[in-house]
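Only one structure is covered here, and it is reproduced in the block below.
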Amino acid sequence: MTAGIPFVKMNGIGNEIVVLDLRDRPERVSPEAARAIAARDGSFFDQLMVLYPPRTPGTDAFMRIFNVDGSESNACGNGTRCVGRRLFDGTGKTRLTLETKAGLLGVNDNPDGLVTVDMGEPRFDWKDIPLSEAFHDTRAIELQIGPIDAPILHSPAVVNVGNPHAIFWVDDIAAYDLAAIGPLLENHPMFPERANISLAHVTAADALTLKVWERGAGLTRACGSAACAAAVSAARTGRTGRTVRVSLPGGDLVIEWTQNNRILMTGATELEHTGILPDEIFGLKQ
C-alpha cells in the first residue's frame, strides 16, 4: 500500500464532494476523522462519500455519508452522482447499485455524460420524517418563525427522502437571510433529527428555484436530496407537474417523481483534483 490514502475531490453542480474508496483498505472513518479531512486544504467538503466493501450480494459498494461537522447523512444525491461518475470512469460500467443506511440506490450513466440516481421513495408520514408532533397532512404543517401575526416563514411541506426536509414556499428566495434563519429551523424542536431547510419559488409548471440550508453542512450551493424533496412536494401540492428542473445556486438538476413512486435525479458532475490523506487521520476516534 502507498503511504497515505488517496481521495478524489469532485463537485455536483457546486456541492463540494470528497470520494474516499476504502473497499480494498482496512481504514475506517470516524466523525473526528471526517472533521479533520474537511479542515485540510484541498479536501474540504460539504459531504464525504466513503465506500466500503459490499454488504449485499449484487451491489457495488456500501456507502457512508459524512457532513462537514462529522455527523452522518443517509442520503446525498449530488455525492452519489459523483461516486457514480468516478466508478463508471474506472470500470466502464453504465449501471451501479450502491447501498446506504437508507437502502439501495440505482445509478445510471447517460449517453450525454450526465448521471441519474434513483433516490428511492419519498416518505410523507410524520413518524417517518420524523416530526415531534403528529400531523395528518404533511403537505403543510403548522410551523412558523417570527411574530405570530406576521411570520417570516410558515407552513412548510415536509418529507423524508433519505433524510428529513422542510420546504417553505416563497415568492423571492433572495428576500430571506437563510444563513441567519437556517440554523434556527434546522434545530427546531419539531425536528428531533434536525432537518434540511429549503426556500422554494415555483417559476413554471415544470421549474422551480431553490436555496438550501443543509443539515450538518450549512448554506450550500447545491443539495440533491433537497431538490428531490422540493420537486416531490411541489407536485404533491399541485404547484408543478411530476418532472421539474430545479435551479440551485450551483446549477440545475432534473427531478422526476415517477408514477411508481420513485424519485429520479439527473445532473452533471465535475472532477476537481486528486490527493493523498495522511494515515494518522484514520487513527482519530470519538
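Chain identifiers are assigned as A, B, and so on, following the order in which chains appear in the C-alpha cells; residues are numbered from 1 within each chain, and ligands are numbered from 1 in order of appearance.
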
List as CSV every residue of segment 118-198 of chain A that is in contact with segment 253-277 of chain A, defined as an atom at most 7 Å from one of its atoms (using only C-alpha atoms), together with the nearest atom pair and the distance in Å rounded to one decimal, sorted by chain and then rising number.
```
residue,atom,partner,partner_atom,distance
A:Asp118,CA,A:Leu264,CA,4.6
A:Met119,CA,A:Ile263,CA,5.3
A:Gly120,CA,A:Arg262,CA,5.2
A:Glu121,CA,A:Arg262,CA,4.9
```

Checklist entry - Which parts of segment 26-255 of chain A does DSSP call alpha helix (DSSP H) when run on the backbone here, written out as a PyMOL selection string? => result chain A and resi 31-39+77-91+178-186+224-236

Next on the checklist: To test your reading of the structure, identify every residue in segment 216-246 of chain A that backbone DSSP assigns to strand (DSSP E), and report it as a list in words.
Outcome noted: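 Selecting the strand (DSSP E) positions of segment 216-246 of chain A gives Gly218, Leu219, Thr220, Thr243, Val244, Arg245 and Val246 of chain A.
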
Next on the checklist: Neighbouring residues of segment 97-102 of chain A were defined as those with any atom within 10 Å, considering only C-alpha atoms; residues of the same chain fewer than 5 positions away were excluded. Please report them as a ChimeraX atom specification.
Outcome noted: /A:51-52,54-56,58-65,72-75,80,83-84,107-108,117-120,161-163

Next on the checklist: I need the residue nearest Glu32 of chain A from this list: A:Arg221, A:Gly216, A:Ser71, A:Glu193. Use only C-alpha atoms for the distance.
Outcome noted: A:Ser71

Checklist entry - Between atom CA of Gly77 of chain A and atom CA of Val170 of chain A, what is the distance, to one decimal in Å? => result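 Atom CA of Val170 of chain A lies 23.8 Å from atom CA of Gly77 of chain A.
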
Item to check | Test item: residues at most 9 Å from Arg28 of chain A, only C-alpha atoms, excluding those fewer than 6 positions along its chain, as number ranges by chain | outcome: A: 22, 50, 52, 282-283

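With atom CA of Ala39 of chain A on one side and atom CA of Gly70 of chain A on the other, the separation reads 11.0 Å.
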